[in-house]
Amino acid sequence: MFKTKEEFKYEFSRRIIESYGRTVEESHITEKFMVLETMVRDYASVNWAMTKMATKTNYQKQVHYFSMEFLIGRLLVNNMMNLGIYEIAKDGLEDYGINIHDLEELESDAGLGNGGLGRLAACFMDSLASLSYPAFGNTIRYEYGLFKQKIENGYQVEVPDQWLRLGNMWEVRKPKHAVDVKFWGRVVWNEETGKWEHVDAECVRAVPYDMPIVGNDTTVTNTLRLWHAEPSEEIPSNKDFRQYAQEVRDICQTLYPDDSTLAGRTLRLKQQYFFVSAGIRAIIKNHLRVYPSLSNFHEKNVIQLNDTHPVLAIPELMRILVDEYDMEWDEAWHITSHTCAYTNHTILAEALEKWPVSTMESLLPRIYQIIEEINRRFIGYVKQVSDHDDDLLNRVMIIKDGQVYMAHLAIAGSFSVNGVARLHSQILKEQEMKDFNFLYPNKFNNKTNGITHRRWLAYSNPELSALLNETIGTDWLKHPEQLEKLMEYVDDSIVQGKFYNVKQQRKQVLADYIYKHNGIRIDTNSIFDIQVKRLHAYKRQLLNIMHVIYLYQEMKVNPEFRIYPRTFIFGAKAAPAYYFAKKVIKLINSVADIVNNDPETSDYLKVVFIENYGVTIAEKIMPAADVSEQISTAGKEASGTGNMKFMMNGAVTIGTLDGANVEMAERVGDDNIIIFGLKDNEVETLRQHGQYNAWDYYNNNPHIKRVVDSLVDGTFHESREEFRMIFDELMNRNDEYFLFADFEEYVKAHELIDAYYRDRAKWSKMCLVNIAQSGYFSSDRTIEEYVSDIWKLDRVKR
Ligand SMILES: *Cc1c(COP(=O)(O)O)cnc(C)c1O
């Protein structure tokens, strides 16, 4: 493989000629791009093979991370940087007159996820490889990722995300590792063999596409396995082939099938079982290539279930052990429940997954039977431990009211259950899953989320990285906790000044992007105040835009009231069927139209909605932020990871004591974060006592009244009905997320930001403290905790 610029150039040119029969100069830019990606993949493949071999010959335990989502984003720069070949390639391409950035822009985001949960999986894969732990990711090879968002006339419009259009150069199809997955049919008892048999089933072939996950400065390269559905050789006899082929194709077509119909919901369950069954079958085959039996399966494999979506892994592993390998139930259960571990990501009731028994029973008859047996034995255990507490039993049952409760199944079948930030894990243990914590006192634990500091700092913010390198040296790259060395410099006016300049440069990059895409000119001397994340009522983008409206109205009525110039930047996708969320997007855009075009206020206030928020655009946004908005109703955001990306890039957080904000506040201290609003227990008390009354706030607080009235009096839209739904949600449905209860404190918190930002030294110090304290939120730290407390892995030995 190439080690110098000259070798790179030779190889690049040779491949262009071999692949396309043209010289570098004659080749098309997409050809150059594809050859470069292929070269990087092949560069990684030596380490890739070595890692697999070493894991096998050393009999090492591996972690298998199962997730419906991996939001990996682009890989070209990340992989070249991790391999240490970026500069060579950049210089070599330059000699050919090619700007490497032009090639980088051709890569589409692998958007195989929605948001935080999928991005977490991607950060974990990066940390696992970079820390040299043997790991496999398992997911679905969706033909279309999460929709692309366009904003038309202020409304969100969804466009299919054709991320595979140029092909995915990173993946390698592995047909020899394909397995069949069975759906539908019936279960019959076979007298002769004394076993249950799944007959009349419809088979679907699962073919893996493997992507290398390249670690930083290590020879370890792990695998992300994307399962693809294809027709099986065993074609169902009772179905027209075209229909069968279409149904097979549907499995991998989209990330989240429309779940408003039974067919859509069934498809989602089909997706879950599809990749889980294929993934587990592959692990078992691999295990039996190295060991004579499955009795040590749990000693050599650990399966981490990222939320409840892959929880069918539990009955599937049971099925294989019992039906296919003749294992006794008790031994199979011991192995299964010592292999699987479960991560809980939410306590929002509507997100806790349940499946109707009827759907499960017809689609997965044998799996359902096994869940019934797990439930039967679980009931026995609960009765015994709880001394026949019937109320408790009724709360924890896996199957009840005609539904299968996936979180309950997950807890019963796993040896570890973790939350994703300290507060969240505490709420799980003490409130939401209190009964389970009583039943299994040692299962629950916390693993506060993290982000890879390589992608989110080193690569996406080279200007800040350079400043860190010259100030505290380069150790922080390998040991992110070393960022704390920056604490010595937070009062240093020279470092403060350099930081300020870096931030200004990065604000200019974002300002240019916004001018190009939105046609809005924003002032880089204004405060960039940013909220980017999925749109959801609990995340309270509505509170943010209400505050913007308040500022606008106040400036309009009071010529004395002028704020330090501020640019409020939003980015958020709403689920296609989430009507309220889409209205909030429209409101943000309507407010932007009025405010940005009002000459009286436009020097002070700008509002920008950035279309199609995703990983790549996030890499531009994070470095440019002055203020990070993390304003969820306390107790609702499990952790958040966007908050960590902002912090690491030197933004000051305005936030509630929710999720990981709590731990961020602890680390930076009260002076370096702006906390406001109700605490989680106060929110809970308000809710339980029914003491929140929207109309009281409306009648007693003129600011709130004026803002709310503007939603329905034609200020922001010619039709007064346009935002009626938002008005109704806030007033007539008494707002579940308690915006008004936090409104005044939120206004005051923003006044503090205004005051602090005017003092450049003070502000820069706050930002530097945030960077210095952000090392804890590297996913390297999170992974080390998973490894030592849950997975018990050793690093790959050479
Ligand atoms: C980090 C990230 C998220 C998660 O953001 P939160 O603020 O934690 O909800 C969502 N989407 C993308 C593209 C991200 O990079």
# chains A, B, ... in the order shown; residues from 1 in each chain; ligands from 1

$ select_by_dssp --residues "segment 621-724 of chain A" --states "strand (DSSP E or B)" --output "list in words"
Val627, Ser628, Glu629, Gln630, Val652, Thr653, Ile654, Gly655, Ile674 and Ile675 of chain A

$ residues_near_ligand --ligand "ligand 1" --cutoff "7 Å" --atoms "only C-alpha atoms and all ligand atoms" --output "PDB file with N, CA and C atoms, in the first residue's frame"
ATOM      1  N   ASN A 114     -32.298   7.987  12.505  1.00  0.00           N
ATOM      2  CA  ASN A 114     -33.108   9.170  12.716  1.00  0.00           C
ATOM      3  C   ASN A 114     -32.374  10.299  13.387  1.00  0.00           C
ATOM      4  N   GLY A 115     -31.720   9.972  14.493  1.00  0.00           N
ATOM      5  CA  GLY A 115     -31.139  11.023  15.313  1.00  0.00           C
ATOM      6  C   GLY A 115     -30.202  10.444  16.347  1.00  0.00           C
ATOM      7  N   GLY A 116     -30.359  10.892  17.564  1.00  0.00           N
ATOM      8  CA  GLY A 116     -29.415  10.585  18.635  1.00  0.00           C
ATOM      9  C   GLY A 116     -29.078   9.111  18.798  1.00  0.00           C
ATOM     10  N   ARG A 119     -26.933   7.936  15.952  1.00  0.00           N
ATOM     11  CA  ARG A 119     -25.621   8.583  15.982  1.00  0.00           C
ATOM     12  C   ARG A 119     -24.769   7.990  17.104  1.00  0.00           C
ATOM     13  N   VAL A 532     -30.346  22.555  17.248  1.00  0.00           N
ATOM     14  CA  VAL A 532     -30.466  21.560  16.175  1.00  0.00           C
ATOM     15  C   VAL A 532     -30.649  20.182  16.795  1.00  0.00           C
ATOM     16  N   LYS A 533     -31.694  19.485  16.394  1.00  0.00           N
ATOM     17  CA  LYS A 533     -32.043  18.162  16.903  1.00  0.00           C
ATOM     18  C   LYS A 533     -33.365  17.779  16.252  1.00  0.00           C
ATOM     19  N   ARG A 534     -33.806  16.549  16.418  1.00  0.00           N
ATOM     20  CA  ARG A 534     -35.119  16.180  15.905  1.00  0.00           C
ATOM     21  C   ARG A 534     -36.182  17.088  16.501  1.00  0.00           C
ATOM     22  N   TYR A 613     -31.324  18.825   8.437  1.00  0.00           N
ATOM     23  CA  TYR A 613     -30.319  18.595   9.479  1.00  0.00           C
ATOM     24  C   TYR A 613     -29.870  17.122   9.485  1.00  0.00           C
ATOM     25  N   GLY A 614     -28.575  16.938   9.443  1.00  0.00           N
ATOM     26  CA  GLY A 614     -28.001  15.584   9.450  1.00  0.00           C
ATOM     27  C   GLY A 614     -26.549  15.680   9.884  1.00  0.00           C
ATOM     28  N   VAL A 615     -25.843  14.562   9.828  1.00  0.00           N
ATOM     29  CA  VAL A 615     -24.488  14.528  10.377  1.00  0.00           C
ATOM     30  C   VAL A 615     -23.559  15.526   9.678  1.00  0.00           C
ATOM     31  N   ALA A 618     -24.277  19.013  10.563  1.00  0.00           N
ATOM     32  CA  ALA A 618     -23.942  19.192  11.988  1.00  0.00           C
ATOM     33  C   ALA A 618     -22.452  19.475  12.157  1.00  0.00           C
ATOM     34  N   SER A 639     -30.594  11.627  27.552  1.00  0.00           N
ATOM     35  CA  SER A 639     -29.217  12.098  27.708  1.00  0.00           C
ATOM     36  C   SER A 639     -28.974  13.321  26.843  1.00  0.00           C
ATOM     37  N   GLY A 640     -29.207  13.129  25.528  1.00  0.00           N
ATOM     38  CA  GLY A 640     -28.757  14.130  24.576  1.00  0.00           C
ATOM     39  C   GLY A 640     -27.305  13.838  24.268  1.00  0.00           C
ATOM     40  N   THR A 641     -26.921  14.062  23.017  1.00  0.00           N
ATOM     41  CA  THR A 641     -25.509  14.001  22.655  1.00  0.00           C
ATOM     42  C   THR A 641     -25.132  15.252  21.867  1.00  0.00           C
ATOM     43  N   GLY A 642     -26.144  15.894  21.280  1.00  0.00           N
ATOM     44  CA  GLY A 642     -25.902  17.183  20.617  1.00  0.00           C
ATOM     45  C   GLY A 642     -25.290  18.158  21.617  1.00  0.00           C
ATOM     46  N   ASN A 643     -25.810  18.160  22.839  1.00  0.00           N
ATOM     47  CA  ASN A 643     -25.271  19.033  23.893  1.00  0.00           C
ATOM     48  C   ASN A 643     -23.754  18.852  24.050  1.00  0.00           C
TER      49      ASN A 643
END

$ residues_around --residues "Glu202 of chain A" --least-positions-apart "4" --cutoff "8 Å" --atoms "only C-alpha atoms" --output "PyMOL selection string"
chain A and resi 182-185+235-236

$ write_last_selection --atoms "all heavy atoms" --output "CSV table (one decimal), in the first residue's frame"
chain,number,residue,atom,x,y,z
A,182,LYS,N,-37.1,-17.0,8.4
A,182,LYS,CA,-38.5,-17.5,8.2
A,182,LYS,C,-39.6,-16.7,8.8
A,182,LYS,O,-39.5,-16.3,10.0
A,182,LYS,CB,-38.6,-18.9,8.8
A,182,LYS,CG,-37.8,-20.0,8.0
A,182,LYS,CD,-38.0,-21.3,8.7
A,182,LYS,CE,-37.3,-22.4,8.0
A,182,LYS,NZ,-37.4,-23.7,8.7
A,183,PHE,N,-40.6,-16.4,8.0
A,183,PHE,CA,-41.8,-15.7,8.5
A,183,PHE,C,-43.1,-16.5,8.2
A,183,PHE,O,-43.1,-17.4,7.4
A,183,PHE,CB,-41.9,-14.4,7.7
A,183,PHE,CG,-40.8,-13.4,7.9
A,183,PHE,CD1,-39.8,-13.3,7.0
A,183,PHE,CD2,-40.7,-12.7,9.1
A,183,PHE,CE1,-38.7,-12.5,7.2
A,183,PHE,CE2,-39.6,-11.8,9.3
A,183,PHE,CZ,-38.6,-11.7,8.3
A,184,TRP,N,-44.1,-16.1,8.9
A,184,TRP,CA,-45.5,-16.7,8.7
A,184,TRP,C,-45.5,-18.2,8.9
A,184,TRP,O,-44.6,-18.7,9.6
A,184,TRP,CB,-46.0,-16.4,7.3
A,184,TRP,CG,-45.9,-14.9,6.9
A,184,TRP,CD1,-45.1,-14.4,6.0
A,184,TRP,CD2,-46.7,-13.8,7.4
A,184,TRP,NE1,-45.3,-13.0,5.9
A,184,TRP,CE2,-46.3,-12.7,6.8
A,184,TRP,CE3,-47.7,-13.7,8.4
A,184,TRP,CZ2,-46.8,-11.4,7.0
A,184,TRP,CZ3,-48.2,-12.5,8.7
A,184,TRP,CH2,-47.8,-11.3,8.0
A,185,GLY,N,-46.4,-18.9,8.4
A,185,GLY,CA,-46.5,-20.4,8.6
A,185,GLY,C,-47.1,-20.8,9.9
A,185,GLY,O,-47.8,-20.0,10.6
A,235,ILE,N,-38.7,-20.7,-2.8
A,235,ILE,CA,-39.7,-19.8,-3.1
A,235,ILE,C,-41.0,-20.3,-2.6
A,235,ILE,O,-41.3,-21.5,-2.8
A,235,ILE,CB,-39.8,-19.6,-4.7
A,235,ILE,CG1,-38.5,-19.0,-5.2
A,235,ILE,CG2,-41.0,-18.7,-5.1
A,235,ILE,CD1,-38.3,-19.1,-6.7
A,236,PRO,N,-41.8,-19.5,-1.9
A,236,PRO,CA,-43.1,-20.0,-1.4
A,236,PRO,C,-44.0,-20.5,-2.5
A,236,PRO,O,-44.1,-19.8,-3.6
A,236,PRO,CB,-43.7,-18.8,-0.7
A,236,PRO,CG,-42.9,-17.6,-1.1
A,236,PRO,CD,-41.6,-18.1,-1.6

$ residues_around --residues "segment 204-213 of chain A" --least-positions-apart "2" --cutoff "9 Å" --atoms "only C-alpha atoms" --output "number ranges by chain"
A: 41, 44-45, 48, 79, 125-126, 129, 141, 170-183, 202, 215, 220-235, 248, 274-275, 278-279

$ residues_around --residues "Val608 of chain A" --least-positions-apart "2" --cutoff "12 Å" --atoms "only C-alpha atoms" --output "count of residues only"
42

$ atom_distance --atom1 "atom CA of Val35 of chain A" --atom2 "atom CA of Ser19 of chain A"
8.2 Å

$ select_by_dssp --residues "segment 471-655 of chain A" --states "helix (DSSP H, G or I)" --output "VMD selection string"
chain A and resid 471 to 472 475 to 478 480 to 489 493 to 518 537 to 539 541 to 557 579 to 596 615 to 624 642 to 648

$ residues_around --residues "segment 95-102 of chain A" --least-positions-apart "5" --cutoff "12 Å" --atoms "only C-alpha atoms" --output "list in words"
Lys5, Glu6, Phe8, Lys9, Tyr10, Phe12, Ser13, Thr23, Val24, Glu25, Glu26, Ser27, His28, Ile29, Thr30, Lys32, Phe33, Leu36, Glu37, Leu76, Val77, Met80, Tyr86, Glu87, Ile88, Ala89, Lys90 and Glu107 of chain A

$ write_last_selection --atoms "N, CA and C atoms" --output "mmCIF file, in the first residue's frame"
data_model
loop_
_atom_site.group_PDB
_atom_site.id
_atom_site.type_symbol
_atom_site.label_atom_id
_atom_site.label_comp_id
_atom_site.auth_asym_id
_atom_site.auth_seq_id
_atom_site.Cartn_x
_atom_site.Cartn_y
_atom_site.Cartn_z
ATOM 1 N N LYS A 5 3.539 10.243 -1.115
ATOM 2 C CA LYS A 5 2.713 10.947 -2.089
ATOM 3 C C LYS A 5 2.906 10.346 -3.485
ATOM 4 N N GLU A 6 4.156 10.051 -3.825
ATOM 5 C CA GLU A 6 4.433 9.524 -5.165
ATOM 6 C C GLU A 6 3.749 8.163 -5.361
ATOM 7 N N PHE A 8 1.134 7.126 -3.797
ATOM 8 C CA PHE A 8 -0.299 7.381 -3.875
ATOM 9 C C PHE A 8 -0.684 7.782 -5.299
ATOM 10 N N LYS A 9 0.093 8.688 -5.872
ATOM 11 C CA LYS A 9 -0.228 9.196 -7.216
ATOM 12 C C LYS A 9 -0.179 8.081 -8.255
ATOM 13 N N TYR A 10 0.819 7.247 -8.109
ATOM 14 C CA TYR A 10 0.975 6.146 -9.053
ATOM 15 C C TYR A 10 -0.241 5.208 -8.974
ATOM 16 N N PHE A 12 -3.225 5.812 -7.707
ATOM 17 C CA PHE A 12 -4.459 6.502 -8.085
ATOM 18 C C PHE A 12 -4.600 6.508 -9.615
ATOM 19 N N SER A 13 -3.523 6.849 -10.269
ATOM 20 C CA SER A 13 -3.541 6.923 -11.724
ATOM 21 C C SER A 13 -3.755 5.541 -12.351
ATOM 22 N N THR A 23 -7.128 8.612 -18.533
ATOM 23 C CA THR A 23 -6.109 9.173 -17.648
ATOM 24 C C THR A 23 -6.806 9.958 -16.542
ATOM 25 N N VAL A 24 -6.029 10.310 -15.534
ATOM 26 C CA VAL A 24 -6.588 11.104 -14.436
ATOM 27 C C VAL A 24 -7.220 12.385 -14.980
ATOM 28 N N GLU A 25 -6.502 13.042 -15.894
ATOM 29 C CA GLU A 25 -6.986 14.324 -16.420
ATOM 30 C C GLU A 25 -8.326 14.158 -17.144
ATOM 31 N N GLU A 26 -8.469 13.046 -17.869
ATOM 32 C CA GLU A 26 -9.691 12.843 -18.663
ATOM 33 C C GLU A 26 -10.876 12.353 -17.830
ATOM 34 N N SER A 27 -10.586 11.819 -16.645
ATOM 35 C CA SER A 27 -11.664 11.149 -15.904
ATOM 36 C C SER A 27 -12.638 12.158 -15.300
ATOM 37 N N HIS A 28 -13.846 11.677 -15.093
ATOM 38 C CA HIS A 28 -14.898 12.509 -14.508
ATOM 39 C C HIS A 28 -14.691 12.611 -12.998
ATOM 40 N N ILE A 29 -15.194 13.659 -12.417
ATOM 41 C CA ILE A 29 -14.956 13.861 -10.973
ATOM 42 C C ILE A 29 -15.552 12.731 -10.124
ATOM 43 N N THR A 30 -16.709 12.183 -10.551
ATOM 44 C CA THR A 30 -17.282 11.075 -9.760
ATOM 45 C C THR A 30 -16.405 9.820 -9.872
ATOM 46 N N LYS A 32 -13.116 9.914 -10.144
ATOM 47 C CA LYS A 32 -11.994 10.179 -9.230
ATOM 48 C C LYS A 32 -12.424 9.877 -7.799
ATOM 49 N N PHE A 33 -13.632 10.343 -7.486
ATOM 50 C CA PHE A 33 -14.163 10.127 -6.134
ATOM 51 C C PHE A 33 -14.280 8.645 -5.822
ATOM 52 N N LEU A 36 -10.941 6.982 -5.339
ATOM 53 C CA LEU A 36 -10.332 7.337 -4.057
ATOM 54 C C LEU A 36 -10.962 6.530 -2.917
ATOM 55 N N GLU A 37 -12.297 6.452 -2.914
ATOM 56 C CA GLU A 37 -12.960 5.691 -1.851
ATOM 57 C C GLU A 37 -12.539 4.221 -1.871
ATOM 58 N N LEU A 76 -15.316 9.149 4.176
ATOM 59 C CA LEU A 76 -14.043 9.308 3.463
ATOM 60 C C LEU A 76 -12.994 10.022 4.316
ATOM 61 N N VAL A 77 -13.324 11.213 4.789
ATOM 62 C CA VAL A 77 -12.353 11.976 5.580
ATOM 63 C C VAL A 77 -12.040 11.239 6.874
ATOM 64 N N MET A 80 -9.763 8.271 6.181
ATOM 65 C CA MET A 80 -8.401 8.683 5.811
ATOM 66 C C MET A 80 -7.671 9.249 7.016
ATOM 67 N N TYR A 86 -4.553 11.029 5.202
ATOM 68 C CA TYR A 86 -5.273 12.164 4.630
ATOM 69 C C TYR A 86 -4.330 13.143 3.937
ATOM 70 N N GLU A 87 -3.244 13.496 4.618
ATOM 71 C CA GLU A 87 -2.343 14.513 4.061
ATOM 72 C C GLU A 87 -1.669 14.018 2.781
ATOM 73 N N ILE A 88 -1.274 12.738 2.788
ATOM 74 C CA ILE A 88 -0.635 12.170 1.588
ATOM 75 C C ILE A 88 -1.593 12.263 0.401
ATOM 76 N N ALA A 89 -2.830 11.841 0.640
ATOM 77 C CA ALA A 89 -3.811 11.838 -0.443
ATOM 78 C C ALA A 89 -4.113 13.259 -0.909
ATOM 79 N N LYS A 90 -4.254 14.142 0.053
ATOM 80 C CA LYS A 90 -4.570 15.535 -0.285
ATOM 81 C C LYS A 90 -3.458 16.133 -1.168
ATOM 82 N N GLU A 107 -19.605 12.595 -1.507
ATOM 83 C CA GLU A 107 -20.068 11.459 -0.704
ATOM 84 C C GLU A 107 -21.414 11.801 -0.074
#

$ residues_around --residues "Trp163 of chain A" --least-positions-apart "4" --cutoff "7 Å" --atoms "only C-alpha atoms" --output "MDAnalysis selection string"
chainID A and resid 108:110 144:145

$ atom_distance --atom1 "atom CA of Lys503 of chain A" --atom2 "atom CA of Pro462 of chain A"
11.5 Å

$ closest_residue --among "A:Ile790, A:Met68, A:Met360, A:Val396" --to "Ile303 of chain A" --atoms "only C-alpha atoms"
A:Ile790

$ closest_residue --among "A:Thr38, A:Ile673, A:Arg455, A:Glu373" --to "Gly167 of chain A" --atoms "only C-alpha atoms"
A:Thr38

$ atom_distance --atom1 "atom CA of Gly419 of chain A" --atom2 "atom CA of Thr343 of chain A"
6.1 Å

$ closest_residue --among "A:Asp435, A:Glu197, A:Asp330, A:Glu488" --to "Arg366 of chain A" --atoms "only C-alpha atoms"
A:Glu197

$ closest_residue --among "A:Gln553, A:Gln162, A:Thr653, A:Ser358" --to "Leu752 of chain A" --atoms "only C-alpha atoms"
A:Thr653

$ closest_residue --among "A:Gln369, A:Asn525, A:Asn558, A:Gln149" --to "Trp196 of chain A" --atoms "only C-alpha atoms"
A:Gln369
